[in-house]
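**Q** Have a look at this one before I ask anything.
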Amino acid sequence: MTKTELKLWVASSPKVELHLHIEGSLEPDLMMALAEKHHLELPYANIEEVKNAYDFENLQSFLDLYYFGASVLKDEDDFYQLMWAYLLKCKDDNVVHVEIMFDPQTHTERGVGFDVFMPGFKRAMQQAEQEWGQSCLLIMCFLRHLTEQSAIETLNAATTYLDDIVAVGLDSGELGNPPEKFTEVFKMAKELGLKRVAHAGEEGPADYIWSALNALDVQRIDHGVRSIEDPELIAFLIQSQHPLTVCPLSNTKLKVFKHMQQHNVLQLLDLGLMATINADDPSYFGGYLNDNFFAVIDHLPVEKHHLQKLIENSFNASFMTTEHKIKWLDKIATY
Ligand code: ADE
Ligand code: ZN
């Protein structure tokens, strides 16, 4: 198949997205509209200027703009609009199931509580489910640059919304904030019946992936591309089949890899790790899920069987019910 044919095939296939920060889907036009609504000053005169600012040196330089951008989200309808805009992209990209991360502390730290953002998220998710059968779950992430105590307070503040949350996650600045810093709160989350995921091995070393597996007992690793530096870890991941939610455009934008041609997602897949493709923060990194597949098709020696495996892996790696999973795996097997 030509690259064009592969792209058409991927675009029309049903897919799953497992690593998507809802705050990272805030498009510049919505950011500017919300700033105007709430009479907030932004350091950008127009959308072009916002886009030009998205030129990052590393993870931290991105996070500074990402947390600043989220400050325009203030009332229930803002969070509804944010979620609704992303779910419309899912419909366009044939993303039939999505597990969406959100960062409560980014909002609670500026006085915007669970009773503001959760109803907004839920209203959009219910509408998408009703209108076109969108399937969505929520992952609540703790900010690792803050203390474990703050994460525990966040878990407690979520008590009345636990039925709406499938898992907890760990994100923000990785270096200097190893997973084991959050051992206690992840144990509490497990006791509450929540699944666990953590960003590890994005900028941080392979040791952080071991620590996410051993101290936090995670079901999936977000990113995990630096696992390649540790042969013992690679052997473990091949055997255990812990999924990696890899984000190609994010990794090149944040200079984890200099160029897409150097990205190791195909290498990981060919070695037998359970790699998946995801968008991370699509508004900041230049593309949604299909764009991430297209970038991989453009720059790596991808064949159709790779794409089939990546898509099948995302269904298998998801937290959807077994019944739902079997239904979709049957469907994509004959696709
Ligand atoms: N928060 C949003 N995107 C992130 C990323 N790629 N790494 C860590 N924290 C994040
Ligand atoms: Zn992420």
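Residue numbers start at 1 in each chain; chains themselves are named A, B, ... in the order of the structure tokens; ligands are numbered from 1 in the order shown.
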To test your reading of the structure, identify every residue in range 80-309 of chain A that backbone DSSP assigns to alpha helix (DSSP H), and report it as a VMD selection string.
**A** chain A and resid 80 to 93 104 to 108 114 to 132 148 to 157 183 to 191 206 to 215 231 to 240 248 to 253 265 to 271 282 to 285 289 to 299 304 to 309
**Q** Can I get the residues of range 8-50 of chain A within 12 Å of range 260-278 of chain A, each with the closest pair of atoms and their distance in Å to one decimal, using only C-alpha atoms, sorted chain first then ascending number, as JSON lines?
**A**
```
{"residue": "A:Val10", "atom": "CA", "partner": "A:Ile277", "partner_atom": "CA", "distance": 11.6}
{"residue": "A:Lys15", "atom": "CA", "partner": "A:Ile277", "partner_atom": "CA", "distance": 9.8}
{"residue": "A:Val16", "atom": "CA", "partner": "A:Asn278", "partner_atom": "CA", "distance": 8.6}
{"residue": "A:Glu17", "atom": "CA", "partner": "A:Asn278", "partner_atom": "CA", "distance": 5.7}
{"residue": "A:Leu18", "atom": "CA", "partner": "A:Asn278", "partner_atom": "CA", "distance": 6.5}
{"residue": "A:His19", "atom": "CA", "partner": "A:Asn278", "partner_atom": "CA", "distance": 5.6}
{"residue": "A:Leu20", "atom": "CA", "partner": "A:Asn278", "partner_atom": "CA", "distance": 7.0}
{"residue": "A:His21", "atom": "CA", "partner": "A:Asn278", "partner_atom": "CA", "distance": 10.4}
```
**Q** Dump N, CA and C atoms for the selected residues as a short mmCIF file (atom, residue, chain, number, x, y, z; two decimals), in the first residue's frame?
**A**
```cif
data_model
loop_
_atom_site.label_atom_id
_atom_site.label_comp_id
_atom_site.auth_asym_id
_atom_site.auth_seq_id
_atom_site.Cartn_x
_atom_site.Cartn_y
_atom_site.Cartn_z
N VAL A 10 -6.05 4.16 7.82
CA VAL A 10 -6.02 4.50 9.26
C VAL A 10 -7.15 5.47 9.60
N LYS A 15 -10.88 3.56 16.05
CA LYS A 15 -9.65 3.64 16.87
C LYS A 15 -9.99 3.99 18.32
N VAL A 16 -8.95 3.85 19.15
CA VAL A 16 -9.06 4.19 20.57
C VAL A 16 -7.94 5.18 20.89
N GLU A 17 -8.22 6.13 21.77
CA GLU A 17 -7.15 7.02 22.25
C GLU A 17 -7.06 6.89 23.77
N LEU A 18 -5.84 6.66 24.25
CA LEU A 18 -5.63 6.37 25.68
C LEU A 18 -4.79 7.41 26.41
N HIS A 19 -4.24 8.36 25.69
CA HIS A 19 -3.36 9.35 26.32
C HIS A 19 -3.66 10.71 25.71
N LEU A 20 -4.60 11.40 26.36
CA LEU A 20 -5.07 12.68 25.85
C LEU A 20 -5.40 13.56 27.05
N HIS A 21 -4.71 14.69 27.18
CA HIS A 21 -5.00 15.62 28.27
C HIS A 21 -6.05 16.61 27.76
#
```
**Q** As a ChimeraX atom specification, please: every protein or nucleic acid residue near ligand 2 (cut-off 10 Å, counting only C-alpha atoms and all ligand atoms).
**A** /A:18-21,24,101,141,169-172,198-200,202,222-223,245-247,250,278-281
**Q** Report as JSON, numbers by chain all protein, DNA and RNA residues lying within 9 Å of range 92-100 of chain A, evaluated on only C-alpha atoms, omitting residues in the same chain fewer than 6 positions from it.
**A** {"A": [11, 12, 13, 14, 15, 16, 17, 18, 19, 20, 21, 22, 133, 134, 135, 136, 137, 138, 139, 140, 166, 288, 289, 290, 315, 318, 319, 320]}
**Q** Kindly export the residues of the current selection with C-alpha atoms, as an mmCIF file, in the first residue's frame.
**A**
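Final output, part-v9.cif:
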```cif
data_model
loop_
_atom_site.group_PDB
_atom_site.id
_atom_site.type_symbol
_atom_site.label_atom_id
_atom_site.label_comp_id
_atom_site.auth_asym_id
_atom_site.auth_seq_id
_atom_site.Cartn_x
_atom_site.Cartn_y
_atom_site.Cartn_z
ATOM 1 C CA ALA A 11 -8.320 7.512 9.061
ATOM 2 C CA SER A 12 -11.373 5.384 8.366
ATOM 3 C CA SER A 13 -10.599 2.602 10.855
ATOM 4 C CA PRO A 14 -12.285 2.658 14.275
ATOM 5 C CA LYS A 15 -9.652 3.638 16.866
ATOM 6 C CA VAL A 16 -9.061 4.193 20.566
ATOM 7 C CA GLU A 17 -7.152 7.024 22.249
ATOM 8 C CA LEU A 18 -5.630 6.368 25.681
ATOM 9 C CA HIS A 19 -3.363 9.350 26.321
ATOM 10 C CA LEU A 20 -5.070 12.678 25.854
ATOM 11 C CA HIS A 21 -5.000 15.623 28.274
ATOM 12 C CA ILE A 22 -8.248 17.537 27.904
ATOM 13 C CA GLY A 133 -22.459 6.509 20.586
ATOM 14 C CA GLN A 134 -19.110 7.970 21.673
ATOM 15 C CA SER A 135 -17.546 5.893 24.418
ATOM 16 C CA CYS A 136 -15.451 7.846 26.969
ATOM 17 C CA LEU A 137 -13.827 7.334 30.357
ATOM 18 C CA LEU A 138 -12.020 9.823 32.612
ATOM 19 C CA ILE A 139 -8.533 9.525 34.145
ATOM 20 C CA MET A 140 -7.765 11.899 37.017
ATOM 21 C CA VAL A 166 -11.858 4.966 35.873
ATOM 22 C CA TYR A 288 -5.008 14.919 16.828
ATOM 23 C CA LEU A 289 -4.895 11.120 16.693
ATOM 24 C CA ASN A 290 -4.988 10.668 12.908
ATOM 25 C CA PHE A 315 -8.391 -1.622 22.103
ATOM 26 C CA SER A 318 -8.118 0.165 27.146
ATOM 27 C CA PHE A 319 -10.188 0.007 30.323
ATOM 28 C CA MET A 320 -13.428 -0.656 28.416
#
```
**Q** At what distance in Å, to one decimal, does CA of Leu82 in chain A lie from CA of Leu26 in chain A?
**A**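 CA of Leu82 in chain A lies 6.3 Å from CA of Leu26 in chain A.
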**Q** Could you tell me how far CA of Thr160 in chain A lies from CA of Glu180 in chain A, in Å and to one decimal?
**A** 26.8 Å
**Q** Would you list the contacts of Leu192 in chain A as a ChimeraX atom specification, taking every protein, DNA or RNA residue within 12 Å and counting only C-alpha atoms, but skipping same-chain residues closer than 4 positions in sequence?
**A** /A:155-156,158-159,162-163,165-168,185-188,196
**Q** Take the residues that were just selected and, keeping N, CA, C and O atoms, output them as a compact mmCIF listing (two decimals), in the first residue's frame.
**A**
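Listing of selection_10.txt after writing:
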```txt
# COMPACT_ATOMS: atom_id res chain seq x y z
N LEU A 155 -7.55 13.46 45.74
CA LEU A 155 -8.30 12.19 45.72
C LEU A 155 -9.51 12.29 46.66
O LEU A 155 -10.62 11.88 46.31
N ASN A 156 -9.31 12.90 47.83
CA ASN A 156 -10.43 13.06 48.77
C ASN A 156 -11.50 14.00 48.22
O ASN A 156 -12.69 13.76 48.37
N ALA A 158 -12.35 14.30 45.28
CA ALA A 158 -13.05 13.66 44.16
C ALA A 158 -14.09 12.64 44.63
O ALA A 158 -14.78 12.03 43.80
N THR A 159 -14.22 12.47 45.96
CA THR A 159 -15.05 11.38 46.51
C THR A 159 -16.41 11.24 45.83
O THR A 159 -16.80 10.14 45.44
N LEU A 162 -16.23 9.63 42.15
CA LEU A 162 -15.41 8.45 41.86
C LEU A 162 -16.06 7.51 40.84
O LEU A 162 -15.37 6.84 40.07
N ASP A 163 -17.41 7.49 40.79
CA ASP A 163 -18.08 6.63 39.81
C ASP A 163 -17.84 7.10 38.38
O ASP A 163 -18.06 6.36 37.42
N ILE A 165 -14.88 8.24 37.35
CA ILE A 165 -13.44 8.22 37.09
C ILE A 165 -12.98 6.76 37.06
O ILE A 165 -13.25 6.00 37.99
N VAL A 166 -12.28 6.37 35.99
CA VAL A 166 -11.86 4.97 35.87
C VAL A 166 -10.48 4.72 36.47
O VAL A 166 -10.19 3.62 36.95
N ALA A 167 -9.63 5.77 36.44
CA ALA A 167 -8.23 5.56 36.86
C ALA A 167 -7.63 6.86 37.36
O ALA A 167 -8.12 7.95 37.06
N VAL A 168 -6.53 6.72 38.10
CA VAL A 168 -5.71 7.88 38.41
C VAL A 168 -4.43 7.81 37.58
O VAL A 168 -4.00 6.72 37.17
N VAL A 185 -0.62 7.58 47.76
CA VAL A 185 -1.89 8.00 47.13
C VAL A 185 -2.31 6.98 46.05
O VAL A 185 -3.52 6.72 45.87
N PHE A 186 -1.36 6.35 45.38
CA PHE A 186 -1.73 5.33 44.40
C PHE A 186 -2.28 4.09 45.11
O PHE A 186 -3.18 3.42 44.60
N LYS A 187 -1.74 3.80 46.31
CA LYS A 187 -2.25 2.68 47.09
C LYS A 187 -3.71 2.96 47.51
O LYS A 187 -4.59 2.10 47.42
N MET A 188 -3.94 4.22 47.94
CA MET A 188 -5.31 4.60 48.32
C MET A 188 -6.25 4.46 47.12
O MET A 188 -7.39 3.99 47.24
N ARG A 196 -4.70 2.38 37.55
CA ARG A 196 -3.57 3.30 37.68
C ARG A 196 -2.73 3.35 36.41
O ARG A 196 -2.45 2.31 35.81
```
**Q** Residues within 12 Å of range 110-113 of chain A, please, as an MDAnalysis selection string. Count only C-alpha atoms; anything in the same chain fewer than 5 positions from it doesn't count.
**A** chainID A and resid 67:68 70:76 78:79 103:105 118:120 154 157:158 161
**Q** Store the residues picked out above in a file with C-alpha atoms, as an mmCIF file, in the first residue's frame.
**A**
```
data_model
loop_
_atom_site.group_PDB
_atom_site.id
_atom_site.type_symbol
_atom_site.label_atom_id
_atom_site.label_comp_id
_atom_site.auth_asym_id
_atom_site.auth_seq_id
_atom_site.Cartn_x
_atom_site.Cartn_y
_atom_site.Cartn_z
ATOM 1 C CA TYR A 67 -0.909 25.728 32.741
ATOM 2 C CA PHE A 68 -1.167 29.381 31.751
ATOM 3 C CA ALA A 70 -5.820 26.539 31.252
ATOM 4 C CA SER A 71 -6.384 29.683 33.360
ATOM 5 C CA VAL A 72 -9.107 30.841 30.907
ATOM 6 C CA LEU A 73 -11.283 27.871 31.997
ATOM 7 C CA LYS A 74 -13.485 29.221 34.766
ATOM 8 C CA ASP A 75 -17.113 28.091 34.675
ATOM 9 C CA GLU A 76 -19.041 24.896 33.949
ATOM 10 C CA ASP A 78 -16.073 26.511 29.621
ATOM 11 C CA PHE A 79 -15.283 22.901 30.587
ATOM 12 C CA ASP A 103 -5.608 17.732 35.881
ATOM 13 C CA PRO A 104 -7.856 18.766 38.826
ATOM 14 C CA GLN A 105 -5.057 20.610 40.659
ATOM 15 C CA MET A 118 -16.919 17.612 36.453
ATOM 16 C CA PRO A 119 -20.495 18.623 35.481
ATOM 17 C CA GLY A 120 -19.096 20.392 32.387
ATOM 18 C CA THR A 154 -7.289 15.855 45.461
ATOM 19 C CA ALA A 157 -12.015 16.026 46.975
ATOM 20 C CA ALA A 158 -13.054 13.659 44.155
ATOM 21 C CA TYR A 161 -17.242 11.765 41.517
#
```
**Q** Just to confirm, what's the straight-line distance from CA of Lys325 in chain A to CA of Asn292 in chain A in Å (one decimal)?
**A**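 If I compute the distance from CA of Lys325 in chain A to CA of Asn292 in chain A, I get 23.0 Å.
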**Q** Write down as JSON, numbers by chain the residues belonging to range 112-308 of chain A that are assigned strand (DSSP E) by DSSP computed on the backbone.
**A** {"A": [135, 136, 137, 138, 139, 140, 141, 142, 143, 167, 168, 169, 170, 171, 195, 196, 197, 198, 199, 200, 220, 221, 222, 223, 244, 245, 246, 275, 276, 277]}
**Q** Filtering to C-alpha atoms, could you give me those residues as a short mmCIF file (atom, residue, chain, number, x, y, z; two decimals), in the first residue's frame?
**A**
```cif
data_model
loop_
_atom_site.label_atom_id
_atom_site.label_comp_id
_atom_site.auth_asym_id
_atom_site.auth_seq_id
_atom_site.Cartn_x
_atom_site.Cartn_y
_atom_site.Cartn_z
CA SER A 135 -17.55 5.89 24.42
CA CYS A 136 -15.45 7.85 26.97
CA LEU A 137 -13.83 7.33 30.36
CA LEU A 138 -12.02 9.82 32.61
CA ILE A 139 -8.53 9.53 34.14
CA MET A 140 -7.76 11.90 37.02
CA CYS A 141 -4.08 12.90 37.01
CA PHE A 142 -2.02 14.17 39.93
CA LEU A 143 0.59 16.86 39.24
CA ALA A 167 -8.23 5.56 36.86
CA VAL A 168 -5.71 7.88 38.41
CA GLY A 169 -2.61 9.08 36.55
CA LEU A 170 0.58 11.01 37.17
CA ASP A 171 1.76 13.86 34.94
CA LYS A 195 -7.02 1.66 37.88
CA ARG A 196 -3.57 3.30 37.68
CA VAL A 197 -1.43 4.81 34.93
CA ALA A 198 1.64 7.08 35.10
CA HIS A 199 3.79 9.15 32.78
CA ALA A 200 7.26 7.61 32.93
CA ARG A 220 -0.13 1.21 31.68
CA ILE A 221 2.88 3.46 31.16
CA ASP A 222 2.30 6.83 29.49
CA HIS A 223 5.10 7.46 26.95
CA LEU A 244 2.90 2.03 26.43
CA THR A 245 0.81 5.03 25.34
CA VAL A 246 3.27 6.58 22.90
CA ALA A 275 2.83 0.11 21.90
CA THR A 276 -0.11 2.37 21.06
CA ILE A 277 -0.36 5.75 19.29
#
```
**Q** Please identify all polymer residues within 9 Å of Arg144 in chain A, counting only C-alpha atoms, omitting same-chain residues fewer than 3 positions from it, and present them as a PDB file with N, CA and C atoms, in the first residue's frame.
**A**
```pdb
ATOM      1  N   CYS A 141      -5.543  12.885  36.820  1.00  0.00           N
ATOM      2  CA  CYS A 141      -4.081  12.898  37.006  1.00  0.00           C
ATOM      3  C   CYS A 141      -3.665  13.783  38.175  1.00  0.00           C
ATOM      4  N   THR A 147       3.113  18.196  46.010  1.00  0.00           N
ATOM      5  CA  THR A 147       3.400  17.172  47.031  1.00  0.00           C
ATOM      6  C   THR A 147       2.425  15.995  46.953  1.00  0.00           C
ATOM      7  N   GLU A 148       2.813  14.893  47.596  1.00  0.00           N
ATOM      8  CA  GLU A 148       1.889  13.759  47.678  1.00  0.00           C
ATOM      9  C   GLU A 148       0.673  14.153  48.518  1.00  0.00           C
ATOM     10  N   ALA A 151      -1.856  15.582  46.379  1.00  0.00           N
ATOM     11  CA  ALA A 151      -2.520  14.533  45.591  1.00  0.00           C
ATOM     12  C   ALA A 151      -3.570  13.808  46.438  1.00  0.00           C
ATOM     13  N   LEU A 170      -0.466  10.145  36.619  1.00  0.00           N
ATOM     14  CA  LEU A 170       0.584  11.009  37.169  1.00  0.00           C
ATOM     15  C   LEU A 170       1.222  11.750  36.001  1.00  0.00           C
ATOM     16  N   ASP A 171       1.183  13.097  36.053  1.00  0.00           N
ATOM     17  CA  ASP A 171       1.757  13.856  34.939  1.00  0.00           C
ATOM     18  C   ASP A 171       2.498  15.081  35.459  1.00  0.00           C
ATOM     19  N   SER A 172       2.851  16.007  34.564  1.00  0.00           N
ATOM     20  CA  SER A 172       3.643  17.218  34.835  1.00  0.00           C
ATOM     21  C   SER A 172       5.140  16.904  34.808  1.00  0.00           C
ATOM     22  N   GLY A 173       5.966  17.815  35.367  1.00  0.00           N
ATOM     23  CA  GLY A 173       7.422  17.717  35.199  1.00  0.00           C
ATOM     24  C   GLY A 173       7.988  16.432  35.773  1.00  0.00           C
ATOM     25  N   GLU A 174       8.583  15.634  34.932  1.00  0.00           N
ATOM     26  CA  GLU A 174       8.992  14.290  35.354  1.00  0.00           C
ATOM     27  C   GLU A 174      10.318  14.281  36.119  1.00  0.00           C
ATOM     28  N   ASN A 177      10.940  14.208  40.003  1.00  0.00           N
ATOM     29  CA  ASN A 177       9.675  13.813  40.655  1.00  0.00           C
ATOM     30  C   ASN A 177       9.363  12.352  40.329  1.00  0.00           C
ATOM     31  N   PRO A 178      10.130  11.427  40.881  1.00  0.00           N
ATOM     32  CA  PRO A 178       9.969  10.011  40.531  1.00  0.00           C
ATOM     33  C   PRO A 178       8.631   9.459  41.021  1.00  0.00           C
ATOM     34  N   PRO A 179       8.140   8.422  40.361  1.00  0.00           N
ATOM     35  CA  PRO A 179       6.839   7.841  40.727  1.00  0.00           C
ATOM     36  C   PRO A 179       6.728   7.494  42.207  1.00  0.00           C
ATOM     37  N   LYS A 181       7.413   8.873  44.768  1.00  0.00           N
ATOM     38  CA  LYS A 181       6.942  10.008  45.593  1.00  0.00           C
ATOM     39  C   LYS A 181       5.420   9.889  45.856  1.00  0.00           C
ATOM     40  N   PHE A 182       4.719   9.107  45.010  1.00  0.00           N
ATOM     41  CA  PHE A 182       3.250   9.038  45.095  1.00  0.00           C
ATOM     42  C   PHE A 182       2.738   7.644  45.477  1.00  0.00           C
TER      43      PHE A 182
END
```
**Q** Using only C-alpha atoms, can you tell me which of A:Pro282, A:Gly193, A:Pro243, A:Pro248 comes closest to Pro28 in chain A?
**A**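 Distance minimum relative to Pro28 in chain A lands on A:Pro282.
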**Q** Which is closer to Gly201 in chain A than all the others in A:Phe236, A:His305, A:Asn251, A:His38, using only C-alpha atoms?
**A** A:Asn251
**Q** Could you check which of A:Leu310, A:Ala206, A:Met125, A:Leu63 is closest to Glu229 in chain A, using only C-alpha atoms?
**A**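 Looking only at the distances to Glu229 in chain A, the closest residue turns out to be A:Ala206.
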**Q** Would you please work out which residue, of A:Trp328, A:Trp210, A:Phe293, A:Tyr284, is nearest to ligand 1 when using only C-alpha atoms and all ligand atoms?
**A** A:Tyr284
**Q** Between A:Ile311, A:Val116, A:Leu65, A:Ala333, single out the one closest to ligand 1, counting only C-alpha atoms and all ligand atoms.
**A**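 Distance minimum relative to ligand 1 lands on A:Leu65.
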**Q** Considering only C-alpha atoms, can you say which of A:Glu184, A:Glu153, A:Glu48, A:Glu27 comes closest to Gln81 in chain A?
**A**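 Selected residue with least distance to Gln81 in chain A: A:Glu27.
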